[in-house]
file run_7.tsv (TSV, C-alpha atoms)
chain	number	residue	atom	x	y	z
A	1	MET	CA	0.00	0.00	0.00
A	2	ARG	CA	1.19	3.52	-0.77
A	3	LEU	CA	0.72	5.24	2.58
A	4	HIS	CA	2.97	8.27	2.26
A	5	GLY	CA	1.18	11.23	3.85
A	6	ARG	CA	-1.99	9.20	4.38
A	7	ARG	CA	-3.79	8.74	7.68
A	8	THR	CA	-2.89	5.48	9.39
A	9	VAL	CA	-4.24	4.44	12.80
A	10	VAL	CA	-2.61	1.95	15.15
A	11	ILE	CA	-4.70	0.74	18.08
A	12	GLY	CA	-2.62	-0.64	20.92
A	13	GLY	CA	0.93	0.28	21.92
A	14	GLY	CA	2.33	-3.12	22.87
A	15	GLN	CA	4.85	-5.50	21.30
A	16	VAL	CA	2.95	-5.91	18.02
A	17	ALA	CA	2.88	-2.15	17.49
A	18	GLN	CA	6.54	-1.94	18.46
A	19	ARG	CA	7.42	-4.41	15.67
A	20	ARG	CA	5.16	-2.93	12.99
A	21	LEU	CA	5.55	0.80	13.57
A	22	PRO	CA	9.10	1.21	12.17
A	23	GLN	CA	7.99	-0.08	8.79
A	24	LEU	CA	4.94	2.20	8.78
A	25	ILE	CA	7.12	5.16	9.75
A	26	ALA	CA	9.46	4.30	6.88
A	27	THR	CA	6.57	4.61	4.40
A	28	GLY	CA	6.02	8.23	5.43
A	29	ALA	CA	2.50	7.49	6.68
A	30	ASP	CA	0.67	10.00	8.88
A	31	ILE	CA	0.41	7.77	11.96
A	32	THR	CA	-1.86	8.14	14.98
A	33	LEU	CA	-1.46	5.71	17.88
A	34	VAL	CA	-4.53	5.18	20.07
A	35	SER	CA	-3.62	3.44	23.32
A	36	PRO	CA	-3.69	4.23	27.04
A	37	SER	CA	-0.15	2.84	27.39
A	38	ALA	CA	2.85	1.93	25.25
A	39	THR	CA	6.17	0.13	25.43
A	40	PRO	CA	9.23	2.34	26.04
A	41	SER	CA	10.27	1.93	22.40
A	42	VAL	CA	6.86	3.04	21.12
A	43	GLU	CA	6.85	5.95	23.57
A	44	ALA	CA	10.25	6.99	22.20
A	45	MET	CA	8.79	7.08	18.69
A	46	ALA	CA	6.10	9.45	19.94
A	47	ASP	CA	8.64	11.59	21.80
A	48	ALA	CA	10.67	11.84	18.58
A	49	GLY	CA	7.63	13.08	16.67
A	50	GLU	CA	7.51	10.05	14.39
A	51	ILE	CA	3.93	9.28	15.47
A	52	ARG	CA	1.11	11.07	17.29
A	53	TRP	CA	-0.01	9.33	20.47
A	54	GLU	CA	-3.52	9.74	21.85
A	55	ARG	CA	-3.31	8.24	25.35
A	56	ARG	CA	-6.77	6.71	25.61
A	57	ARG	CA	-8.78	3.67	24.61
A	58	TYR	CA	-10.32	3.20	21.17
A	59	GLN	CA	-13.54	5.11	20.47
A	60	ASP	CA	-15.99	4.68	17.63
A	61	GLY	CA	-15.06	7.11	14.87
A	62	ASP	CA	-11.28	6.79	15.34
A	63	LEU	CA	-10.97	5.26	11.87
A	64	ALA	CA	-12.70	8.13	10.07
A	65	ASP	CA	-10.82	9.11	6.89
A	66	THR	CA	-8.28	6.38	7.56
A	67	TRP	CA	-6.54	4.53	4.75
A	68	TYR	CA	-5.07	1.74	6.86
A	69	ALA	CA	-5.57	0.53	10.43
A	70	LEU	CA	-3.58	-1.88	12.57
A	71	VAL	CA	-5.63	-3.26	15.46
A	72	ALA	CA	-3.27	-4.72	18.04
A	73	SER	CA	-4.56	-3.96	21.53
A	74	SER	CA	-5.07	-6.41	24.39
A	75	ASP	CA	-8.75	-5.36	24.69
A	76	THR	CA	-10.76	-7.86	22.65
A	77	ALA	CA	-13.95	-5.80	22.83
A	78	ALA	CA	-12.15	-2.72	21.51
A	79	ASN	CA	-10.59	-4.81	18.75
A	80	ASP	CA	-14.01	-6.15	17.74
A	81	ALA	CA	-15.46	-2.63	17.68
A	82	ALA	CA	-12.55	-1.32	15.59
A	83	SER	CA	-12.90	-4.23	13.15
A	84	ALA	CA	-16.61	-3.49	12.81
A	85	GLU	CA	-15.90	0.19	12.10
A	86	ALA	CA	-13.32	-0.78	9.48
A	87	GLU	CA	-15.90	-3.01	7.81
A	88	ARG	CA	-18.48	-0.19	7.75
A	89	THR	CA	-16.07	2.44	6.46
A	90	ARG	CA	-14.33	0.10	4.00
A	91	THR	CA	-10.96	0.69	5.65
A	92	TRP	CA	-8.13	-1.73	5.10
A	93	CYS	CA	-7.66	-3.15	8.58
A	94	VAL	CA	-5.21	-5.77	9.87
A	95	ARG	CA	-6.06	-7.39	13.15
A	96	ALA	CA	-3.27	-8.99	15.15
A	97	ASP	CA	-5.40	-11.19	17.41
A	98	ASP	CA	-7.94	-12.51	14.88
A	99	ALA	CA	-7.03	-12.56	11.20
A	100	GLU	CA	-10.48	-13.85	10.21
A	101	ALA	CA	-12.08	-10.68	11.61
A	102	ALA	CA	-9.80	-8.42	9.58
A	103	THR	CA	-10.39	-6.83	6.18
A	104	ALA	CA	-6.73	-7.28	5.19
A	105	TRP	CA	-3.85	-9.60	5.95
A	106	THR	CA	-0.19	-8.70	6.33
A	107	PRO	CA	2.29	-10.94	4.52
A	108	ALA	CA	5.67	-11.83	5.93
A	109	THR	CA	7.97	-9.42	4.09
A	110	GLY	CA	11.69	-9.10	3.58
A	111	ARG	CA	13.88	-6.86	1.46
A	112	ILE	CA	16.99	-7.32	-0.60
A	113	ASP	CA	18.29	-4.30	-2.53
A	114	ASN	CA	15.24	-2.83	-4.31
A	115	ILE	CA	13.23	-6.06	-4.17
A	116	THR	CA	10.49	-6.79	-1.63
A	117	VAL	CA	9.58	-10.42	-1.01
A	118	ALA	CA	6.11	-11.00	0.46
A	119	VAL	CA	4.83	-14.43	1.49
A	120	LEU	CA	1.22	-15.07	2.52
A	121	ASN	CA	-0.56	-18.38	2.96
A	122	ALA	CA	-4.15	-17.27	2.37
A	123	THR	CA	-5.96	-20.54	2.95
A	124	PRO	CA	-7.80	-20.52	6.31
A	125	GLN	CA	-6.72	-24.06	7.19
A	126	GLY	CA	-3.07	-23.35	6.49
A	127	ARG	CA	-2.56	-19.76	7.57
A	128	ASP	CA	0.51	-20.22	9.74
A	129	PRO	CA	2.55	-17.00	10.10
A	130	ARG	CA	5.57	-18.99	11.25
A	131	HIS	CA	5.59	-20.99	8.03
A	132	SER	CA	5.22	-17.83	5.95
A	133	ALA	CA	8.09	-16.17	7.86
A	134	ALA	CA	10.33	-19.21	7.42
A	135	LEU	CA	9.66	-19.31	3.69
A	136	ARG	CA	10.29	-15.56	3.42
A	137	ASP	CA	13.60	-15.92	5.26
A	138	ALA	CA	14.68	-18.77	2.98
A	139	ILE	CA	13.91	-16.76	-0.16
A	140	VAL	CA	15.61	-13.58	1.08
A	141	GLU	CA	18.68	-15.49	2.25
A	142	GLY	CA	18.90	-17.28	-1.08
A	143	LEU	CA	18.80	-13.96	-2.91
A	144	ARG	CA	21.42	-12.51	-0.58
A	145	ASP	CA	23.96	-15.32	-0.83
A	146	GLY	CA	23.31	-16.01	-4.50
A	147	THR	CA	21.97	-19.56	-4.10
A	148	LEU	CA	18.63	-18.33	-5.48
A	149	ALA	CA	18.98	-16.26	-8.62
A	150	ALA	CA	17.97	-15.90	-12.25
A	151	PRO	CA	21.40	-16.25	-13.92
A	152	HIS	CA	20.38	-14.73	-17.24
A	153	HIS	CA	18.84	-11.68	-15.60
A	154	ARG	CA	21.06	-11.10	-12.59
A	155	THR	CA	22.13	-7.56	-11.86
A	156	ARG	CA	25.82	-7.17	-12.49
A	157	THR	CA	27.61	-3.94	-11.74
A	158	PRO	CA	31.02	-3.53	-13.40
A	159	GLY	CA	33.65	-2.25	-11.00
A	160	VAL	CA	35.45	-3.50	-7.95
A	161	ALA	CA	34.20	-4.39	-4.49
A	162	LEU	CA	36.78	-4.51	-1.71
A	163	VAL	CA	35.18	-7.14	0.50
A	164	GLY	CA	36.28	-7.90	4.04
A	165	GLY	CA	35.86	-11.65	4.39
A	166	GLY	CA	36.17	-11.78	8.15
A	167	PRO	CA	38.58	-13.81	10.29
A	168	GLY	CA	38.33	-17.14	8.44
A	169	ASP	CA	35.07	-18.86	9.30
A	170	PRO	CA	32.99	-18.60	6.09
A	171	ASP	CA	29.86	-17.92	8.15
A	172	LEU	CA	31.41	-14.69	9.44
A	173	ILE	CA	31.50	-12.84	6.14
A	174	THR	CA	28.83	-10.13	5.91
A	175	VAL	CA	25.60	-10.77	4.02
A	176	ARG	CA	26.50	-8.08	1.50
A	177	GLY	CA	29.97	-9.53	0.99
A	178	ARG	CA	28.57	-12.99	0.30
A	179	ARG	CA	26.02	-11.60	-2.15
A	180	LEU	CA	28.68	-9.69	-4.08
A	181	LEU	CA	30.74	-12.88	-4.29
A	182	ALA	CA	27.74	-14.63	-5.84
A	183	GLU	CA	27.49	-11.86	-8.48
A	184	ALA	CA	31.21	-11.71	-9.31
A	185	ASP	CA	32.89	-12.53	-12.61
A	186	VAL	CA	36.37	-12.35	-11.10
A	187	VAL	CA	37.50	-12.93	-7.49
A	188	ILE	CA	40.98	-11.88	-6.42
A	189	ALA	CA	41.42	-13.66	-3.10
A	190	ASP	CA	43.83	-13.32	-0.19
A	191	ARG	CA	45.23	-16.31	1.64
A	192	LEU	CA	43.54	-15.13	4.84
A	193	GLY	CA	40.10	-14.76	3.28
A	194	PRO	CA	37.37	-17.37	3.89
A	195	ARG	CA	38.71	-19.97	1.44
A	196	ASP	CA	35.73	-22.32	1.78
A	197	LEU	CA	33.54	-19.75	-0.01
A	198	LEU	CA	35.56	-20.07	-3.20
A	199	ASP	CA	34.29	-23.60	-3.68
A	200	GLU	CA	30.72	-22.26	-3.86
A	201	LEU	CA	31.45	-20.01	-6.85
A	202	PRO	CA	30.01	-20.97	-10.26
A	203	PRO	CA	32.48	-22.56	-12.70
A	204	HIS	CA	32.62	-19.47	-14.93
A	205	VAL	CA	34.05	-17.27	-12.15
A	206	GLU	CA	37.77	-16.63	-12.50
A	207	VAL	CA	39.64	-16.91	-9.19
A	208	ILE	CA	43.03	-15.22	-8.90
A	209	ASP	CA	45.31	-16.13	-6.00
A	210	ALA	CA	46.68	-12.95	-4.40
A	211	ALA	CA	48.23	-14.70	-1.40
A	212	LYS	CA	51.03	-13.08	0.57
A	213	ILE	CA	52.73	-15.89	2.46
A	214	PRO	CA	55.17	-14.66	5.16
A	215	TYR	CA	58.71	-15.14	3.85
A	216	GLY	CA	57.30	-17.17	0.95
A	217	ARG	CA	55.46	-16.80	-2.33
A	218	TYR	CA	53.36	-13.73	-2.82
A	219	MET	CA	51.64	-11.60	-5.44
A	220	ALA	CA	53.11	-8.12	-5.48
A	221	GLN	CA	50.72	-5.30	-4.57
A	222	GLU	CA	51.36	-3.60	-7.90
A	223	ALA	CA	50.32	-6.79	-9.72
A	224	ILE	CA	47.14	-7.01	-7.61
A	225	ASN	CA	46.29	-3.39	-8.42
A	226	GLN	CA	46.86	-3.99	-12.12
A	227	ALA	CA	44.67	-7.12	-12.11
A	228	LEU	CA	41.85	-5.19	-10.46
A	229	ILE	CA	42.12	-2.42	-13.03
A	230	GLU	CA	42.33	-4.67	-16.10
A	231	HIS	CA	39.35	-6.85	-15.20
A	232	ALA	CA	37.21	-3.88	-14.17
A	233	LYS	CA	38.01	-2.07	-17.44
A	234	ALA	CA	36.94	-5.22	-19.30
A	235	GLY	CA	33.44	-4.64	-17.88
A	236	LYS	CA	33.59	-7.39	-15.29
A	237	ALA	CA	32.26	-7.41	-11.74
A	238	VAL	CA	35.37	-7.87	-9.60
A	239	VAL	CA	35.55	-8.82	-5.93
A	240	ARG	CA	38.77	-8.30	-4.03
A	241	LEU	CA	38.26	-10.79	-1.19
A	242	LYS	CA	40.37	-9.96	1.85
A	243	GLY	CA	40.75	-11.44	5.28
A	244	GLY	CA	39.31	-9.43	8.18
A	245	ASP	CA	38.51	-5.84	7.21
A	246	PRO	CA	39.95	-4.20	4.06
A	247	PHE	CA	41.24	-1.20	6.00
A	248	VAL	CA	42.81	-2.99	8.98
A	249	PHE	CA	46.34	-3.78	7.76
A	250	GLY	CA	44.78	-4.92	4.50
A	251	ARG	CA	46.15	-2.34	2.05
A	252	GLY	CA	42.57	-1.62	1.09
A	253	MET	CA	43.13	2.09	0.70
A	254	GLU	CA	46.11	1.52	-1.59
A	255	GLU	CA	43.85	-0.48	-3.90
A	256	ALA	CA	41.04	2.08	-3.65
A	257	GLN	CA	43.50	4.83	-4.60
A	258	ALA	CA	44.77	2.86	-7.60
A	259	LEU	CA	41.20	2.32	-8.80
A	260	ALA	CA	40.27	5.96	-8.25
A	261	ALA	CA	43.23	7.06	-10.34
A	262	GLU	CA	41.80	5.03	-13.24
A	263	GLY	CA	38.24	6.27	-12.70
A	264	ILE	CA	36.97	2.82	-11.72
A	265	PRO	CA	34.00	2.59	-9.31
A	266	CYS	CA	34.94	1.00	-6.02
A	267	THR	CA	32.68	-0.28	-3.25
A	268	VAL	CA	34.08	-0.98	0.20
A	269	VAL	CA	32.37	-3.71	2.21
A	270	PRO	CA	33.66	-3.72	5.80
A	271	GLY	CA	34.49	-7.05	7.39
A	272	ILE	CA	34.70	-8.47	10.90
A	273	SER	CA	38.24	-7.75	12.01
A	274	SER	CA	40.30	-10.55	13.53
A	275	THR	CA	41.46	-8.04	16.16
A	276	ILE	CA	38.24	-8.55	18.12
A	277	SER	CA	36.67	-11.67	16.62
A	278	VAL	CA	39.60	-14.04	17.12
A	279	PRO	CA	40.13	-13.16	20.80
A	280	GLY	CA	36.36	-13.45	21.26
A	281	ALA	CA	36.31	-16.89	19.64
A	282	ALA	CA	39.04	-17.95	22.06
A	283	GLY	CA	37.06	-16.71	25.06
A	284	ILE	CA	38.97	-13.45	25.53
A	285	PRO	CA	37.11	-10.11	25.74
A	286	VAL	CA	39.33	-7.28	24.51
A	287	THR	CA	37.59	-5.02	27.03
A	288	HIS	CA	36.00	-5.95	30.36
A	289	ARG	CA	34.43	-3.85	33.05
A	290	GLY	CA	36.92	-3.15	35.82
A	291	VAL	CA	39.81	-4.69	33.86
A	292	ALA	CA	40.39	-2.83	30.59
A	293	HIS	CA	38.85	0.41	29.33
A	294	GLU	CA	40.63	0.40	25.98
A	295	PHE	CA	42.34	-1.87	23.51
A	296	THR	CA	45.12	-0.97	21.10
A	297	VAL	CA	45.84	-2.76	17.83
A	298	VAL	CA	49.42	-2.84	16.58
A	299	SER	CA	51.07	-4.44	13.57
A	300	GLY	CA	54.04	-6.53	14.63
A	301	HIS	CA	55.52	-7.19	11.22
A	302	VAL	CA	58.39	-4.77	11.96
A	303	ALA	CA	60.55	-5.37	15.04
A	304	PRO	CA	60.76	-2.61	17.68
A	305	GLU	CA	64.43	-1.93	16.97
A	306	ASP	CA	63.87	-1.69	13.20
A	307	PRO	CA	64.23	1.94	12.02
A	308	ARG	CA	61.16	1.44	9.80
A	309	SER	CA	58.94	0.93	12.84
A	310	LEU	CA	56.25	3.61	13.33
A	311	VAL	CA	55.18	2.30	16.76
A	312	ASP	CA	55.97	4.19	19.97
A	313	TRP	CA	56.66	1.09	22.09
A	314	ALA	CA	57.44	3.16	25.17
A	315	ALA	CA	53.97	4.71	25.00
A	316	ILE	CA	52.38	1.33	24.32
A	317	ALA	CA	54.08	-0.13	27.40
A	318	ARG	CA	52.53	2.55	29.60
A	319	LEU	CA	48.97	1.74	28.55
A	320	ARG	CA	46.88	-0.16	31.07
A	321	GLY	CA	44.45	-1.68	28.59
A	322	THR	CA	44.62	-4.57	26.15
A	323	LEU	CA	47.24	-4.84	23.41
A	324	VAL	CA	46.31	-6.83	20.30
A	325	LEU	CA	49.12	-7.73	17.91
A	326	LEU	CA	48.72	-8.85	14.31
A	327	MET	CA	51.46	-10.30	12.10
A	328	ALA	CA	53.73	-10.60	15.14
A	329	VAL	CA	54.43	-14.31	15.62
A	330	ASP	CA	58.09	-14.21	14.60
A	331	LYS	CA	58.67	-10.88	16.36
A	332	ILE	CA	56.86	-11.59	19.63
A	333	GLY	CA	60.08	-12.26	21.58
A	334	ALA	CA	61.56	-8.91	20.59
A	335	ILE	CA	58.26	-7.12	21.17
A	336	ALA	CA	57.89	-8.63	24.65
A	337	ALA	CA	61.45	-7.63	25.52
A	338	ALA	CA	60.78	-4.05	24.36
A	339	LEU	CA	57.59	-3.81	26.40
A	340	ILE	CA	59.35	-5.11	29.53
A	341	ALA	CA	62.28	-2.75	28.97
A	342	HIS	CA	59.81	0.15	28.91
A	343	GLY	CA	58.22	-0.89	32.20
A	344	LYS	CA	55.56	-3.47	31.36
A	345	ASP	CA	55.15	-6.15	34.06
A	346	PRO	CA	56.83	-9.40	32.90
A	347	ALA	CA	53.98	-11.35	34.52
A	348	THR	CA	51.39	-9.78	32.20
A	349	PRO	CA	49.24	-12.58	30.68
A	350	VAL	CA	49.58	-13.28	26.96
A	351	ALA	CA	47.53	-15.50	24.65
A	352	LEU	CA	48.43	-16.55	21.12
A	353	VAL	CA	45.41	-17.64	19.06
A	354	GLN	CA	46.31	-19.43	15.86
A	355	GLU	CA	43.85	-19.94	12.96
A	356	GLY	CA	41.14	-18.21	14.98
A	357	THR	CA	37.45	-19.00	14.23
A	358	THR	CA	38.40	-21.98	12.02
A	359	ALA	CA	38.37	-25.71	12.77
A	360	ALA	CA	42.16	-25.52	13.29
A	361	GLN	CA	41.95	-22.85	16.03
A	362	ARG	CA	44.22	-23.30	19.02
A	363	ARG	CA	45.24	-21.10	21.93
A	364	VAL	CA	48.62	-20.96	23.65
A	365	ASP	CA	48.90	-19.06	26.95
A	366	ALA	CA	52.05	-17.48	28.31
A	367	THR	CA	53.34	-14.42	30.11
A	368	LEU	CA	55.24	-11.50	28.70
A	369	ALA	CA	58.41	-12.95	30.24
A	370	ASP	CA	58.24	-16.29	28.43
A	371	VAL	CA	56.00	-15.74	25.41
A	372	GLY	CA	58.90	-15.89	22.94
A	373	GLU	CA	60.01	-19.28	24.22
A	374	ARG	CA	56.44	-20.57	24.44
A	375	ALA	CA	55.65	-19.54	20.87
A	376	ALA	CA	58.73	-21.35	19.60
A	377	ALA	CA	58.18	-24.45	21.74
A	378	GLU	CA	54.53	-24.74	20.67
A	379	GLU	CA	55.45	-24.02	17.05
A	380	VAL	CA	52.87	-21.26	16.71
A	381	ARG	CA	52.53	-20.27	13.07
A	382	PRO	CA	50.79	-17.41	11.24
A	383	PRO	CA	48.05	-16.42	11.02
A	384	ALA	CA	47.80	-15.78	14.74
A	385	VAL	CA	46.43	-12.98	16.87
A	386	ILE	CA	48.34	-12.18	20.06
A	387	VAL	CA	46.55	-10.64	23.03
A	388	ILE	CA	48.49	-9.01	25.88
A	389	GLY	CA	46.82	-7.84	29.06
A	390	ASP	CA	44.79	-8.82	32.10
A	391	VAL	CA	41.75	-9.65	29.95
A	392	VAL	CA	43.56	-12.86	28.95
A	393	ALA	CA	42.84	-14.19	32.44
A	394	VAL	CA	39.14	-13.26	32.25
A	395	GLY	CA	36.76	-16.09	31.41
A	396	PRO	CA	33.26	-17.41	32.03
A	397	ASP	CA	34.37	-18.76	35.42
A	398	SER	CA	35.91	-15.48	36.54
A	399	ALA	CA	34.38	-13.44	39.35
A	400	PRO	CA	31.82	-10.89	38.09
A	401	PRO	CA	33.01	-7.28	37.91
A	402	SER	CA	32.42	-4.81	40.71
A	403	ASP	CA	29.22	-2.78	40.73
A	404	ASP	CA	31.32	0.33	41.35
A	405	PRO	CA	30.31	2.78	38.58
A	406	SER	CA	33.94	3.85	38.29
A	407	ALA	CA	34.69	0.36	36.96
A	408	ASP	CA	32.45	0.80	33.90
call {"tool": "encode", "arguments": {"input": "run_7.tsv", "output": "structure tokens"}}
result
Amino acid sequence: MRLHGRRTVVIGGGQVAQRRLPQLIATGADITLVSPSATPSVEAMADAGEIRWERRRYQDGDLADTWYALVASSDTAANDAASAEAERTRTWCVRADDAEAATAWTPATGRIDNITVAVLNATPQGRDPRHSAALRDAIVEGLRDGTLAAPHHRTRTPGVALVGGGPGDPDLITVRGRRLLAEADVVIADRLGPRDLLDELPPHVEVIDAAKIPYGRYMAQEAINQALIEHAKAGKAVVRLKGGDPFVFGRGMEEAQALAAEGIPCTVVPGISSTISVPGAAGIPVTHRGVAHEFTVVSGHVAPEDPRSLVDWAAIARLRGTLVLLMAVDKIGAIAAALIAHGKDPATPVALVQEGTTAAQRRVDATLADVGERAAAEEVRPPAVIVIGDVVAVGPDSAPPSDDPSAD
């Protein structure tokens, strides 16, 4: 229904209204709520001026000049009276407590891009809203991840999408990232991206390996940039699939700059960064009330004594919060020594989480004093996220934090 600027009446301010009102507000409808009470969320909508709230029970005549009514109060008699008025005035009226008494039914709806999917089982003996919602969800999810599509009519936008694939578990890529993968002609993939997703791509999709293996084979950044440019200029939809987030030590901006210089459209799709997801998967909160009020992320690919280092290790050592290190496995001994030399307690807990969020995940615990030896003895290999700080010792069995507000 096209409700923009048109009178819409909602009777009842409970949970049903709370769920339905945002969609009605989004249509631009002129909404009046009739209810003696409302949930805090509905009251906030009234306070924000998104709806008008008449704090009283339904009265005959409330649906005058109304295009659409939602009857959702807990007063059955009032609902019956409102339904009867809607019938008399030929007003489209949805009733939450008794669909048979309504003059309209609401389908289970979902949206993907500019498409609305609506599912309604209209037979009285089979009208199960849960079944309709489940079918809607299956259709929308299929459209999002590309498993449901019309291949000859799919929308394909030439250009490049820099997609953050998340920490490794294929289920942790964003919905938008997965959909763009399904629409791609070319995928240029990092080693740290969710590799299992590549097997789901149709046979016609060209996959280019852009792996950068530490101290091993790698595709130069200039070659990656050139591949992005060439395929995009050929009119293809290109996905640059990265691990984590494109702009967290991912050289995403370098690639965006190279594309911009050639006038090529570029879409950035943020990803779940391993800096918080991998510690979380290992049971480590990077912040915790009363323990850490901040966390700092540092690249450890350059040793502290290296003149190329941009990190102020003395300042880092003075911080009381959590330190998260990426690309630091082979430098962790030198980093730990630098932190201790600048005053960090050698007993500070450390955790090394290898292959976080994947089936191969493992966690090695140590202290700042012995983490170098522990990493070598346990043969920790990249990719691994290293967490330094008291949060390493926090777990489900830990004592709850103090109720002191200063600990928040």
call {"tool": "closest_residue", "arguments": {"input": "run_7.tsv", "among": "A:Val42, A:Ala77, A:Val175, A:Leu241", "to": "A:Ile112", "atoms": "all atoms listed in the file"}}
result
A:Val175
call {"tool": "atom_distance", "arguments": {"input": "run_7.tsv", "atom1": "atom CA of A:Ala258", "atom2": "atom CA of A:Ala303"}}
result
28.8 Å
call {"tool": "closest_residue", "arguments": {"input": "run_7.tsv", "among": "A:Leu325, A:Leu339, A:Ala256, A:Val278", "to": "A:Asp312", "atoms": "all atoms listed in the file"}}
result
A:Leu339
call {"tool": "closest_atom_pairs", "arguments": {"input": "run_7.tsv", "of": "stretch 303-378 of chain A", "to": "stretch 193-206 of chain A", "cutoff": "12 Å", "atoms": "all atoms listed in the file", "output": "CSV"}}
result
residue,atom,partner,partner_atom,distance
A:Glu355,CA,A:Pro194,CA,11.4
A:Gly356,CA,A:Pro194,CA,11.7
A:Thr357,CA,A:Pro194,CA,10.5
A:Thr358,CA,A:Pro194,CA,9.4
A:Ala359,CA,A:Asp196,CA,11.8
call {"tool": "atom_distance", "arguments": {"input": "run_7.tsv", "atom1": "atom CA of A:Arg191", "atom2": "atom CA of A:Gly159"}}
result
22.2 Å
call {"tool": "closest_residue", "arguments": {"input": "run_7.tsv", "among": "A:Arg55, A:Asp137, A:Gly244, A:Ile332", "to": "A:Ala376", "atoms": "all atoms listed in the file"}}
result
A:Ile332
call {"tool": "atom_distance", "arguments": {"input": "run_7.tsv", "atom1": "atom CA of A:Ala232", "atom2": "atom CA of A:Met253"}}
result
17.1 Å
call {"tool": "closest_residue", "arguments": {"input": "run_7.tsv", "among": "A:Ala220, A:Val94, A:Ile229, A:Ala38", "to": "A:Gly263", "atoms": "all atoms listed in the file"}}
result
A:Ile229
call {"tool": "residues_around", "arguments": {"input": "run_7.tsv", "residues": "A:Gly110", "least_positions_apart": "3", "cutoff": "12 Å", "atoms": "all atoms listed in the file", "output": "PDB file with C-alpha atoms, keeping the file's coordinate frame"}}
result
ATOM      1  CA  GLN A  23       7.990  -0.080   8.790  1.00  0.00           C
ATOM      2  CA  PRO A 107       2.290 -10.940   4.520  1.00  0.00           C
ATOM      3  CA  ASP A 113      18.290  -4.300  -2.530  1.00  0.00           C
ATOM      4  CA  ASN A 114      15.240  -2.830  -4.310  1.00  0.00           C
ATOM      5  CA  ILE A 115      13.230  -6.060  -4.170  1.00  0.00           C
ATOM      6  CA  THR A 116      10.490  -6.790  -1.630  1.00  0.00           C
ATOM      7  CA  VAL A 117       9.580 -10.420  -1.010  1.00  0.00           C
ATOM      8  CA  ALA A 118       6.110 -11.000   0.460  1.00  0.00           C
ATOM      9  CA  VAL A 119       4.830 -14.430   1.490  1.00  0.00           C
ATOM     10  CA  SER A 132       5.220 -17.830   5.950  1.00  0.00           C
ATOM     11  CA  ALA A 133       8.090 -16.170   7.860  1.00  0.00           C
ATOM     12  CA  ALA A 134      10.330 -19.210   7.420  1.00  0.00           C
ATOM     13  CA  LEU A 135       9.660 -19.310   3.690  1.00  0.00           C
ATOM     14  CA  ARG A 136      10.290 -15.560   3.420  1.00  0.00           C
ATOM     15  CA  ASP A 137      13.600 -15.920   5.260  1.00  0.00           C
ATOM     16  CA  ALA A 138      14.680 -18.770   2.980  1.00  0.00           C
ATOM     17  CA  ILE A 139      13.910 -16.760  -0.160  1.00  0.00           C
ATOM     18  CA  VAL A 140      15.610 -13.580   1.080  1.00  0.00           C
ATOM     19  CA  GLU A 141      18.680 -15.490   2.250  1.00  0.00           C
ATOM     20  CA  GLY A 142      18.900 -17.280  -1.080  1.00  0.00           C
ATOM     21  CA  LEU A 143      18.800 -13.960  -2.910  1.00  0.00           C
ATOM     22  CA  ARG A 144      21.420 -12.510  -0.580  1.00  0.00           C
TER      23      ARG A 144
END
call {"tool": "closest_residue", "arguments": {"input": "run_7.tsv", "among": "A:Ala161, A:Ala81, A:Val394, A:Ala96", "to": "A:Gly283", "atoms": "all atoms listed in the file"}}
result
A:Val394
call {"tool": "closest_residue", "arguments": {"input": "run_7.tsv", "among": "A:Ala347, A:Gly280, A:Arg363, A:Ile386", "to": "A:Met327", "atoms": "only C-alpha atoms"}}
result
A:Ile386
call {"tool": "residues_around", "arguments": {"input": "run_7.tsv", "residues": "A:Val71", "least_positions_apart": "2", "cutoff": "9 Å", "atoms": "only C-alpha atoms", "output": "list in words"}}
result
Val9, Val10, Ile11, Gly12, Ala17, Ala69, Ser73, Ala78, Asn79, Ala82, Ser83, Cys93, Val94, Arg95, Ala96, Asp97 and Ala102 of chain A
call {"tool": "residues_around", "arguments": {"input": "run_7.tsv", "residues": "stretch 28-37 of chain A", "least_positions_apart": "4", "cutoff": "7 Å", "atoms": "only C-alpha atoms", "output": "PyMOL selection string"}}
result
chain A and resi 3-13+24+51-58
call {"tool": "residues_around", "arguments": {"input": "run_7.tsv", "residues": "A:Gly321", "least_positions_apart": "5", "cutoff": "10 Å", "atoms": "all atoms listed in the file", "output": "MDAnalysis selection string"}}
result
chainID A and resid 286:288 291:296 316 388:391
call {"tool": "write_last_selection", "arguments": {"input": "run_7.tsv", "atoms": "C-alpha atoms", "output": "PDB file, keeping the file's coordinate frame"}}
result
ATOM      1  CA  VAL A 286      39.330  -7.280  24.510  1.00  0.00           C
ATOM      2  CA  THR A 287      37.590  -5.020  27.030  1.00  0.00           C
ATOM      3  CA  HIS A 288      36.000  -5.950  30.360  1.00  0.00           C
ATOM      4  CA  VAL A 291      39.810  -4.690  33.860  1.00  0.00           C
ATOM      5  CA  ALA A 292      40.390  -2.830  30.590  1.00  0.00           C
ATOM      6  CA  HIS A 293      38.850   0.410  29.330  1.00  0.00           C
ATOM      7  CA  GLU A 294      40.630   0.400  25.980  1.00  0.00           C
ATOM      8  CA  PHE A 295      42.340  -1.870  23.510  1.00  0.00           C
ATOM      9  CA  THR A 296      45.120  -0.970  21.100  1.00  0.00           C
ATOM     10  CA  ILE A 316      52.380   1.330  24.320  1.00  0.00           C
ATOM     11  CA  ILE A 388      48.490  -9.010  25.880  1.00  0.00           C
ATOM     12  CA  GLY A 389      46.820  -7.840  29.060  1.00  0.00           C
ATOM     13  CA  ASP A 390      44.790  -8.820  32.100  1.00  0.00           C
ATOM     14  CA  VAL A 391      41.750  -9.650  29.950  1.00  0.00           C
TER      15      VAL A 391
END
